[in-house]
Every structure is written in C-alpha cells, then in structure tokens.
$ cat final-v7.cif   # mmCIF, C-alpha atoms
data_work
#
loop_
_atom_site.group_PDB
_atom_site.id
_atom_site.type_symbol
_atom_site.label_atom_id
_atom_site.label_comp_id
_atom_site.auth_asym_id
_atom_site.auth_seq_id
_atom_site.Cartn_x
_atom_site.Cartn_y
_atom_site.Cartn_z
ATOM 1 C CA MET W 19 -4.172 -3.344 2.185
ATOM 2 C CA THR W 20 -3.829 -5.826 -0.623
ATOM 3 C CA ASP W 21 -4.696 -5.298 -4.285
ATOM 4 C CA MET W 22 -6.352 -1.949 -3.734
ATOM 5 C CA GLN W 23 -6.525 -1.529 -7.500
ATOM 6 C CA ASP W 24 -9.201 -4.246 -7.627
ATOM 7 C CA ILE W 25 -11.677 -2.273 -5.490
ATOM 8 C CA PRO W 26 -14.524 -0.900 -7.591
ATOM 9 C CA ASP W 27 -14.977 2.855 -7.571
ATOM 10 C CA GLU W 28 -18.442 3.582 -6.220
ATOM 11 C CA THR W 29 -18.391 7.318 -6.804
ATOM 12 C CA PRO W 30 -21.512 8.223 -8.835
ATOM 13 C CA ALA W 31 -20.667 8.720 -12.482
ATOM 14 C CA ASN W 32 -21.724 12.369 -12.408
ATOM 15 C CA GLU W 33 -19.185 13.021 -9.654
ATOM 16 C CA HIS W 34 -16.181 11.883 -11.689
ATOM 17 C CA ALA W 35 -13.976 14.641 -13.029
ATOM 18 C CA ASP W 36 -15.116 16.213 -16.284
ATOM 19 C CA PRO W 37 -12.179 15.931 -18.691
ATOM 20 C CA THR W 38 -13.108 19.354 -20.103
ATOM 21 C CA ALA W 39 -13.154 21.011 -16.679
ATOM 22 C CA PRO W 40 -10.252 23.100 -15.337
ATOM 23 C CA ALA W 41 -7.419 21.137 -13.759
ATOM 24 C CA SER W 42 -7.750 20.193 -10.100
ATOM 25 C CA THR W 43 -6.056 22.432 -7.565
ATOM 26 C CA SER W 44 -4.850 19.337 -5.698
ATOM 27 C CA PRO W 45 -1.113 18.649 -5.978
ATOM 28 C CA PRO W 46 -0.091 16.204 -8.708
ATOM 29 C CA ILE W 47 -0.049 12.607 -7.493
ATOM 30 C CA SER W 48 3.630 12.445 -8.454
ATOM 31 C CA ALA W 49 4.448 15.272 -6.025
ATOM 32 C CA LEU W 50 2.520 13.578 -3.219
ATOM 33 C CA LEU W 51 4.202 10.247 -3.978
ATOM 34 C CA ASP W 52 7.623 11.885 -3.877
ATOM 35 C CA ALA W 53 6.840 13.442 -0.506
ATOM 36 C CA ALA W 54 5.435 10.151 0.837
ATOM 37 C CA ALA W 55 8.490 8.216 -0.337
ATOM 38 C CA GLN W 56 10.842 10.706 1.307
ATOM 39 C CA ALA W 57 8.910 10.306 4.566
ATOM 40 C CA ALA W 58 8.913 6.505 4.305
ATOM 41 C CA LEU W 59 12.543 5.904 3.338
ATOM 42 C CA PRO W 60 14.111 6.806 6.730
ATOM 43 C CA VAL W 61 11.765 4.285 8.345
ATOM 44 C CA LEU W 62 12.654 1.517 5.901
ATOM 45 C CA ARG W 63 16.364 2.243 6.202
ATOM 46 C CA GLY W 64 16.026 2.033 9.973
ATOM 47 C CA VAL W 65 14.745 -1.541 10.031
ATOM 48 C CA ARG W 66 17.314 -4.005 11.385
ATOM 49 C CA ASP W 67 17.658 -7.553 10.097
ATOM 50 C CA ASP W 68 16.663 -8.915 13.505
ATOM 51 C CA GLN W 69 13.340 -7.035 13.238
ATOM 52 C CA LEU W 70 12.160 -8.596 9.970
ATOM 53 C CA GLY W 71 10.176 -11.313 11.751
ATOM 54 C CA LEU W 72 8.278 -8.917 14.034
ATOM 55 C CA PRO W 73 4.484 -8.589 13.796
ATOM 56 C CA THR W 74 2.987 -5.429 12.323
ATOM 57 C CA PRO W 75 -0.348 -3.614 12.695
ATOM 58 C CA CYS W 76 -1.230 -5.139 9.305
ATOM 59 C CA ALA W 77 -1.977 -8.475 10.923
ATOM 60 C CA GLU W 78 -1.407 -10.786 7.939
ATOM 61 C CA TYR W 79 2.163 -9.523 7.483
ATOM 62 C CA ASP W 80 5.329 -9.602 9.534
ATOM 63 C CA VAL W 81 7.857 -6.852 8.778
ATOM 64 C CA ARG W 82 9.617 -8.800 6.032
ATOM 65 C CA ALA W 83 6.400 -9.769 4.261
ATOM 66 C CA LEU W 84 5.067 -6.223 4.527
ATOM 67 C CA LEU W 85 8.248 -4.777 3.044
ATOM 68 C CA ASN W 86 8.085 -7.262 0.164
ATOM 69 C CA HIS W 87 4.432 -6.334 -0.379
ATOM 70 C CA LEU W 88 5.258 -2.630 -0.395
ATOM 71 C CA PHE W 89 8.102 -3.298 -2.832
ATOM 72 C CA GLN W 90 5.673 -5.135 -5.102
ATOM 73 C CA VAL W 91 3.157 -2.293 -4.953
ATOM 74 C CA VAL W 92 5.737 0.387 -5.748
ATOM 75 C CA VAL W 93 6.917 -1.579 -8.806
ATOM 76 C CA ALA W 94 3.464 -2.587 -10.031
ATOM 77 C CA PHE W 95 1.980 0.882 -9.828
ATOM 78 C CA GLN W 96 4.654 2.132 -12.191
ATOM 79 C CA ASN W 97 2.920 -0.007 -14.832
ATOM 80 C CA LEU W 98 -0.510 1.210 -13.795
ATOM 81 C CA ALA W 99 0.644 4.792 -14.379
ATOM 82 C CA ALA W 100 1.435 3.721 -17.949
ATOM 83 C CA LYS W 101 -1.999 2.022 -18.301
ATOM 84 C CA LYS W 102 -0.389 -1.439 -18.387
ATOM 85 C CA ASP W 103 -1.650 -4.629 -16.742
ATOM 86 C CA VAL W 104 -0.165 -5.845 -13.459
ATOM 87 C CA ASP W 105 -0.010 -9.239 -11.761
ATOM 88 C CA PHE W 106 -0.447 -9.422 -7.991
ATOM 89 C CA SER W 107 -0.849 -13.206 -7.894
ATOM 90 C CA THR W 108 2.613 -13.717 -6.363
ATOM 91 C CA THR W 109 4.880 -11.547 -4.230
ATOM 92 C CA PRO W 110 8.591 -11.726 -5.096
ATOM 93 C CA ASP W 111 11.047 -11.937 -2.192
ATOM 94 C CA ARG W 112 12.951 -8.815 -3.142
ATOM 95 C CA LEU W 113 14.530 -8.528 0.301
ATOM 96 C CA GLY W 114 16.049 -11.953 -0.287
ATOM 97 C CA ASP W 115 17.062 -11.100 -3.848
ATOM 98 C CA TYR W 116 18.709 -7.778 -2.980
ATOM 99 C CA GLY W 117 20.173 -8.622 0.418
ATOM 100 C CA ALA W 118 21.633 -5.663 2.274
ATOM 101 C CA GLN W 119 21.033 -3.452 -0.761
ATOM 102 C CA TRP W 120 17.243 -3.686 -0.556
ATOM 103 C CA PRO W 121 16.720 -0.174 0.928
ATOM 104 C CA ASP W 122 18.701 1.372 -1.931
ATOM 105 C CA ARG W 123 16.778 -0.664 -4.492
ATOM 106 C CA PHE W 124 13.509 0.390 -2.885
ATOM 107 C CA ALA W 125 14.573 4.032 -3.110
ATOM 108 C CA GLN W 126 15.328 3.536 -6.807
ATOM 109 C CA GLU W 127 11.928 1.940 -7.454
ATOM 110 C CA ALA W 128 10.183 4.704 -5.504
ATOM 111 C CA ALA W 129 11.930 7.267 -7.709
ATOM 112 C CA ARG W 130 10.736 5.362 -10.796
ATOM 113 C CA LEU W 131 7.223 5.368 -9.352
ATOM 114 C CA VAL W 132 7.298 9.151 -8.997
ATOM 115 C CA GLU W 133 8.659 9.502 -12.528
ATOM 116 C CA ALA W 134 5.945 7.212 -13.915
ATOM 117 C CA TRP W 135 3.145 9.224 -12.330
ATOM 118 C CA ALA W 136 4.739 12.495 -13.441
ATOM 119 C CA ALA W 137 4.628 11.422 -17.099
ATOM 120 C CA PRO W 138 2.176 13.352 -19.278
ATOM 121 C CA GLY W 139 -1.248 11.728 -19.191
ATOM 122 C CA ALA W 140 -0.538 9.472 -16.213
ATOM 123 C CA GLU W 141 -3.434 10.948 -14.216
ATOM 124 C CA ASP W 142 -5.785 10.973 -17.204
ATOM 125 C CA GLY W 143 -8.310 8.326 -18.179
ATOM 126 C CA LEU W 144 -8.760 4.938 -16.532
ATOM 127 C CA THR W 145 -6.338 2.207 -15.470
ATOM 128 C CA GLY W 146 -6.127 -1.083 -13.563
ATOM 129 C CA GLY W 147 -8.180 -4.236 -13.629
ATOM 130 C CA MET W 148 -11.347 -2.415 -12.553
ATOM 131 C CA GLN W 149 -10.688 0.548 -14.885
ATOM 132 C CA LEU W 150 -10.705 3.152 -12.137
ATOM 133 C CA PRO W 151 -9.876 6.823 -12.660
ATOM 134 C CA ALA W 152 -6.103 7.001 -12.910
ATOM 135 C CA ARG W 153 -5.743 9.622 -10.167
ATOM 136 C CA THR W 154 -7.683 7.343 -7.807
ATOM 137 C CA VAL W 155 -5.276 4.512 -8.611
ATOM 138 C CA GLY W 156 -2.311 6.812 -7.981
ATOM 139 C CA ALA W 157 -3.827 7.721 -4.634
ATOM 140 C CA MET W 158 -4.027 4.008 -3.778
ATOM 141 C CA VAL W 159 -0.259 3.572 -3.955
ATOM 142 C CA LEU W 160 0.054 6.810 -1.990
ATOM 143 C CA LEU W 161 -2.106 5.169 0.671
ATOM 144 C CA ASP W 162 0.131 2.102 0.784
ATOM 145 C CA LEU W 163 3.290 4.196 1.030
ATOM 146 C CA THR W 164 1.849 6.282 3.843
ATOM 147 C CA VAL W 165 0.051 3.688 5.938
ATOM 148 C CA HIS W 166 2.506 0.831 5.481
ATOM 149 C CA ALA W 167 5.371 3.143 6.435
ATOM 150 C CA TRP W 168 3.470 3.732 9.672
ATOM 151 C CA ASP W 169 2.964 -0.055 10.055
ATOM 152 C CA VAL W 170 6.701 -0.675 9.715
ATOM 153 C CA ALA W 171 7.584 2.214 12.024
ATOM 154 C CA ARG W 172 5.308 0.900 14.763
ATOM 155 C CA ALA W 173 6.601 -2.650 14.393
ATOM 156 C CA ALA W 174 10.242 -1.561 14.538
ATOM 157 C CA GLY W 175 9.822 1.191 17.142
ATOM 158 C CA LEU W 176 10.871 3.948 14.733
ATOM 159 C CA PRO W 177 9.598 7.529 14.444
ATOM 160 C CA TYR W 178 7.398 8.417 11.478
ATOM 161 C CA THR W 179 5.734 11.611 10.350
ATOM 162 C CA PRO W 180 3.605 11.476 7.195
ATOM 163 C CA ALA W 181 4.345 13.863 4.375
ATOM 164 C CA PRO W 182 2.419 17.158 4.471
ATOM 165 C CA GLY W 183 -0.662 17.097 2.320
ATOM 166 C CA CYS W 184 -0.849 13.336 1.968
ATOM 167 C CA VAL W 185 -3.180 12.645 4.876
ATOM 168 C CA ALA W 186 -5.892 15.010 3.653
ATOM 169 C CA GLU W 187 -5.727 13.512 0.154
ATOM 170 C CA LEU W 188 -5.933 10.013 1.570
ATOM 171 C CA ARG W 189 -8.825 10.671 3.909
ATOM 172 C CA THR W 190 -10.870 11.661 0.857
ATOM 173 C CA LEU W 191 -9.849 8.435 -0.917
ATOM 174 C CA VAL W 192 -10.576 6.235 2.084
ATOM 175 C CA ALA W 193 -13.990 7.822 2.666
ATOM 176 C CA GLN W 194 -14.827 6.939 -0.930
ATOM 177 C CA MET W 195 -13.374 3.417 -1.002
ATOM 178 C CA ALA W 196 -13.780 2.162 2.568
ATOM 179 C CA PRO W 197 -17.271 0.580 2.371
ATOM 180 C CA THR W 198 -16.311 -1.591 -0.593
ATOM 181 C CA ALA W 199 -12.827 -2.243 0.803
ATOM 182 C CA ARG W 200 -14.399 -3.650 3.963
ATOM 183 C CA LYS W 201 -16.694 -5.927 1.989
ATOM 184 C CA MET W 202 -13.616 -7.266 0.188
ATOM 185 C CA ASN W 203 -11.653 -7.677 3.469
ATOM 186 C CA VAL W 204 -9.055 -5.116 2.364
ATOM 187 C CA PHE W 205 -9.892 -2.865 5.339
ATOM 188 C CA ALA W 206 -11.025 -3.994 8.774
ATOM 189 C CA GLU W 207 -13.964 -2.315 10.479
ATOM 190 C CA PRO W 208 -13.255 1.299 11.455
ATOM 191 C CA LEU W 209 -12.191 2.100 14.989
ATOM 192 C CA PRO W 210 -13.428 5.127 16.955
ATOM 193 C CA VAL W 211 -11.163 8.119 17.489
ATOM 194 C CA PRO W 212 -11.788 10.996 19.893
ATOM 195 C CA PRO W 213 -12.904 14.384 18.601
ATOM 196 C CA GLY W 214 -9.958 16.454 17.459
ATOM 197 C CA ALA W 215 -7.724 13.418 16.861
ATOM 198 C CA PRO W 216 -4.793 14.005 14.495
ATOM 199 C CA GLY W 217 -5.566 13.430 10.835
ATOM 200 C CA LEU W 218 -3.205 10.453 10.637
ATOM 201 C CA ASP W 219 -4.956 8.778 13.577
ATOM 202 C CA ALA W 220 -8.331 9.276 11.877
ATOM 203 C CA LEU W 221 -6.976 7.845 8.610
ATOM 204 C CA LEU W 222 -5.506 4.808 10.340
ATOM 205 C CA ALA W 223 -8.695 4.167 12.294
ATOM 206 C CA GLU W 224 -10.761 4.348 9.114
ATOM 207 C CA THR W 225 -8.660 1.507 7.661
ATOM 208 C CA GLY W 226 -9.272 -0.542 10.826
ATOM 209 C CA ARG W 227 -5.940 0.136 12.491
ATOM 210 C CA ASP W 228 -5.467 1.094 16.128
ATOM 211 C CA PRO W 229 -3.441 4.335 16.027
ATOM 212 C CA HIS W 230 -1.942 3.379 19.396
ATOM 213 C CA TRP W 231 -0.877 -0.136 18.349
ATOM 214 C CA ARG W 232 2.264 -1.485 19.953
ATOM 215 C CA ALA W 233 4.056 -4.785 19.322
ATOM 216 C CA GLY W 234 3.474 -7.388 21.990
#

$ encode --input "final-v7.cif" --output "structure tokens"
Amino acid sequence: MTDMQDIPDETPANEHADPTAPASTSPPISALLDAAAQAALPVLRGVRDDQLGLPTPCAEYDVRALLNHLFQVVVAFQNLAAKKDVDFSTTPDRLGDYGAQWPDRFAQEAARLVEAWAAPGAEDGLTGGMQLPARTVGAMVLLDLTVHAWDVARAAGLPYTPAPGCVAELRTLVAQMAPTARKMNVFAEPLPVPPGAPGLDALLAETGRDPHWRAG
C-alpha cells in the first residue's frame, strides 16, 4: 500500500458526514492508532538484522524496505493530521540512519502520530493531496500500521494479533477505497476467503493478500 492518501474518495457527497450532525460513535482515530501501534511494536522489535532482506507479502518490499516505508508513513501522517502537505517522492533509509535504535525511534514517531491525530480538529475537514475527509486519511495510516505489521510478522515468522476494533474500522475503509485502489495498483485483486473467515483474513484478502502466505 503506497501513497494511500492519493486515492480519491468515491463516497457520494451526500454520504459524507454532516459537520452539524452528532459526533460519530466510532472510537477516535487517535485511540485506534494507539492500539494499532501497541500491537505492531512487538513485531517490529522482534525483527532480527539477518531478516531484513527477507521477502514480504507486500511483494515490492523486502522487510527492510517495508519498515522504511512504514516509518515514512507514520511520520508523514503526522503532518496530514495538521492539514500540512507531505512528500512521498523519496523514502528515507531511517533504519540505516538510526541503526540499532530504529525500533525505539519508531515507537517515538508512533507516539507522535497518535498525539497528532488526538489534537483538536485533526479529524475535521479535509486533508492530503486529494483533499479527502480527515478521518478517512487517519484510517489510511491505521490500515498501514495494521496490515504492514502483519506483513512483517509473516516475513519474520513472528506472532501478530491486530488491535481490537481496528479490523472492523478498516474493513469499512477498504470496502470504500478498494475499487479505486486497484485501478491505481495500490491493492491487488481480492482473493476469496471461506464463509466465516476471521475478520483479519477477510481484510487481508480484500487488499489482495493471501492470509496464509508463508515465505519461500
């Protein structure tokens, strides 16, 4: 999933939230991001240096490249919460810059991400290059944190359980964004899942991932 913030929102205009309507009963994006980060961090801390070159379910990335991408997303979406522009044209090698301290630096940036989306007004209005509803943009980084944590876990043979509440939120987002995301080659074609499959499996399959992927 690259540059999710550039995917147009195809929800009909009359289905967008009315700013005068009562607040949504869904948890704040900041709370979901905090939960997703806490679920992801044990996975990231469990990656060994000798695993950084391994392939991942996100086929264009090995583990190192995927971690650098996720780092970039977590930093950039802090700016999107503040309605600032972001630049995804290059991906810094933060693992190289931070060395053995990269997991701690990631944890710090994830905390800043949560703080940014908890700021008053962060979920209001529009943000990003395509001027999407801010909550939708916040859900996009939630998607990266959740699904890429699974990618890394599968590549490195680590356990991963998504944060409660995140999968349901993300299945709504993916149902809305998936057709356009596939046209833009952000998602692959969906894969079938059996009836009654776990919610995470259904979410992964909708993004084009095989929930049973194994390295090699």

$ resolve_selection --input "final-v7.cif" --expression "the PyMOL selection byres ((chain W and resi 216) around 12)" --output "PyMOL selection string"
chain W and resi 179-180+185-186+189+211-215+217-223+229

$ residues_around --input "final-v7.cif" --residues "W:Gly143" --least-positions-apart "4" --cutoff "8 Å" --atoms "only C-alpha atoms" --output "PDB file with C-alpha atoms, in the coordinates of the input"
ATOM      1  CA  GLY W 139      -1.248  11.728 -19.191  1.00  0.00           C
ATOM      2  CA  PRO W 151      -9.876   6.823 -12.660  1.00  0.00           C
ATOM      3  CA  ALA W 152      -6.103   7.001 -12.910  1.00  0.00           C
TER       4      ALA W 152
END

$ resolve_selection --input "final-v7.cif" --expression "the PyMOL selection byres ((chain W and resi 75) around 7)" --output "VMD selection string"
chain W and resid 74 76 to 77 169 227 231

$ residues_around --input "final-v7.cif" --residues "W:Leu131" --least-positions-apart "5" --cutoff "10 Å" --atoms "all atoms listed in the file" --output "list in words"
Ser48, Leu51, Asp52, Ala55, Val91, Val92, Val93, Ala94, Phe95, Gln96, Asn97, Leu98, Ala99, Ala125, Gln126, Ala136, Gly156 and Val159 of chain W

$ write_last_selection --input "final-v7.cif" --atoms "C-alpha atoms" --output "PDB file, in the frame of the given file"
ATOM      1  CA  SER W  48       3.630  12.445  -8.454  1.00  0.00           C
ATOM      2  CA  LEU W  51       4.202  10.247  -3.978  1.00  0.00           C
ATOM      3  CA  ASP W  52       7.623  11.885  -3.877  1.00  0.00           C
ATOM      4  CA  ALA W  55       8.490   8.216  -0.337  1.00  0.00           C
ATOM      5  CA  VAL W  91       3.157  -2.293  -4.953  1.00  0.00           C
ATOM      6  CA  VAL W  92       5.737   0.387  -5.748  1.00  0.00           C
ATOM      7  CA  VAL W  93       6.917  -1.579  -8.806  1.00  0.00           C
ATOM      8  CA  ALA W  94       3.464  -2.587 -10.031  1.00  0.00           C
ATOM      9  CA  PHE W  95       1.980   0.882  -9.828  1.00  0.00           C
ATOM     10  CA  GLN W  96       4.654   2.132 -12.191  1.00  0.00           C
ATOM     11  CA  ASN W  97       2.920  -0.007 -14.832  1.00  0.00           C
ATOM     12  CA  LEU W  98      -0.510   1.210 -13.795  1.00  0.00           C
ATOM     13  CA  ALA W  99       0.644   4.792 -14.379  1.00  0.00           C
ATOM     14  CA  ALA W 125      14.573   4.032  -3.110  1.00  0.00           C
ATOM     15  CA  GLN W 126      15.328   3.536  -6.807  1.00  0.00           C
ATOM     16  CA  ALA W 136       4.739  12.495 -13.441  1.00  0.00           C
ATOM     17  CA  GLY W 156      -2.311   6.812  -7.981  1.00  0.00           C
ATOM     18  CA  VAL W 159      -0.259   3.572  -3.955  1.00  0.00           C
TER      19      VAL W 159
END

$ closest_residue --input "final-v7.cif" --among "W:Glu141, W:Pro208, W:Leu160, W:Met195" --to "W:Gly183" --atoms "all atoms listed in the file"
W:Leu160

$ atom_distance --input "final-v7.cif" --atom1 "atom CA of W:Asn86" --atom2 "atom CA of W:Pro110"
6.9 Å

$ atom_distance --input "final-v7.cif" --atom1 "atom CA of W:Val61" --atom2 "atom CA of W:Ala171"
5.9 Å

$ residues_around --input "final-v7.cif" --residues "W:Asp111" --least-positions-apart "3" --cutoff "10 Å" --atoms "only C-alpha atoms" --output "mmCIF file with C-alpha atoms, keeping the file's coordinate frame"
data_model
loop_
_atom_site.group_PDB
_atom_site.id
_atom_site.type_symbol
_atom_site.label_atom_id
_atom_site.label_comp_id
_atom_site.auth_asym_id
_atom_site.auth_seq_id
_atom_site.Cartn_x
_atom_site.Cartn_y
_atom_site.Cartn_z
ATOM 1 C CA ARG W 82 9.617 -8.800 6.032
ATOM 2 C CA ALA W 83 6.400 -9.769 4.261
ATOM 3 C CA LEU W 85 8.248 -4.777 3.044
ATOM 4 C CA ASN W 86 8.085 -7.262 0.164
ATOM 5 C CA HIS W 87 4.432 -6.334 -0.379
ATOM 6 C CA PHE W 89 8.102 -3.298 -2.832
ATOM 7 C CA GLN W 90 5.673 -5.135 -5.102
ATOM 8 C CA THR W 108 2.613 -13.717 -6.363
ATOM 9 C CA GLY W 114 16.049 -11.953 -0.287
ATOM 10 C CA ASP W 115 17.062 -11.100 -3.848
ATOM 11 C CA TYR W 116 18.709 -7.778 -2.980
#

$ closest_residue --input "final-v7.cif" --among "W:Gly64, W:Gly226, W:Pro210, W:Pro177" --to "W:Pro197" --atoms "all atoms listed in the file"
W:Gly226

$ closest_residue --input "final-v7.cif" --among "W:Ala174, W:Leu59, W:Leu188, W:Ala157" --to "W:Arg123" --atoms "all atoms listed in the file"
W:Leu59

$ atom_distance --input "final-v7.cif" --atom1 "atom CA of W:Val165" --atom2 "atom CA of W:Gly146"
21.0 Å

$ residues_around --input "final-v7.cif" --residues "W:Ala173" --least-positions-apart "3" --cutoff "9 Å" --atoms "all atoms listed in the file" --output "list in words"
Gln69, Leu72, Pro73, Thr74, Pro75, Asp80, Val81, Trp168, Asp169, Val170, Leu176, Trp231, Arg232 and Ala233 of chain W

$ closest_residue --input "final-v7.cif" --among "W:Arg63, W:Leu209, W:Asp142, W:Gly234" --to "W:Ile47" --atoms "all atoms listed in the file"
W:Asp142

$ decode --input "final-v7.cif" --residues "stretch 71-86 of chain W" --atoms "N, CA and C atoms" --output "CSV table (one decimal), in the first residue's frame"
chain,number,residue,atom,x,y,z
W,71,GLY,N,16.5,-8.7,4.8
W,71,GLY,CA,16.4,-8.9,3.4
W,71,GLY,C,15.4,-9.9,3.0
W,72,LEU,N,14.6,-10.4,3.9
W,72,LEU,CA,13.6,-11.4,3.5
W,72,LEU,C,12.4,-10.8,2.7
W,73,PRO,N,11.8,-11.6,1.9
W,73,PRO,CA,10.6,-11.1,1.1
W,73,PRO,C,9.4,-11.0,2.1
W,74,THR,N,8.4,-10.2,1.7
W,74,THR,CA,7.2,-10.0,2.5
W,74,THR,C,6.0,-10.2,1.6
W,75,PRO,N,4.8,-10.4,2.2
W,75,PRO,CA,3.6,-10.5,1.4
W,75,PRO,C,3.3,-9.3,0.5
W,76,CYS,N,3.9,-8.1,0.9
W,76,CYS,CA,3.8,-6.9,0.1
W,76,CYS,C,5.0,-7.0,-1.0
W,77,ALA,N,4.7,-7.6,-2.1
W,77,ALA,CA,5.7,-8.1,-3.0
W,77,ALA,C,6.8,-7.1,-3.4
W,78,GLU,N,6.5,-5.8,-3.5
W,78,GLU,CA,7.5,-4.9,-3.9
W,78,GLU,C,8.5,-4.5,-2.8
W,79,TYR,N,8.3,-5.0,-1.6
W,79,TYR,CA,9.2,-4.7,-0.5
W,79,TYR,C,9.8,-5.9,0.1
W,80,ASP,N,11.1,-5.8,0.5
W,80,ASP,CA,11.6,-6.8,1.4
W,80,ASP,C,11.4,-6.2,2.8
W,81,VAL,N,11.8,-6.9,3.9
W,81,VAL,CA,11.5,-6.4,5.2
W,81,VAL,C,12.0,-5.0,5.5
W,82,ARG,N,13.3,-4.8,5.1
W,82,ARG,CA,13.9,-3.5,5.4
W,82,ARG,C,13.2,-2.4,4.7
W,83,ALA,N,12.9,-2.6,3.4
W,83,ALA,CA,12.2,-1.6,2.6
W,83,ALA,C,10.8,-1.3,3.2
W,84,LEU,N,10.1,-2.4,3.6
W,84,LEU,CA,8.8,-2.2,4.2
W,84,LEU,C,8.8,-1.4,5.5
W,85,LEU,N,9.8,-1.7,6.3
W,85,LEU,CA,9.9,-1.0,7.6
W,85,LEU,C,10.2,0.5,7.3
W,86,ASN,N,11.1,0.8,6.3
W,86,ASN,CA,11.4,2.2,6.0
W,86,ASN,C,10.1,2.8,5.4
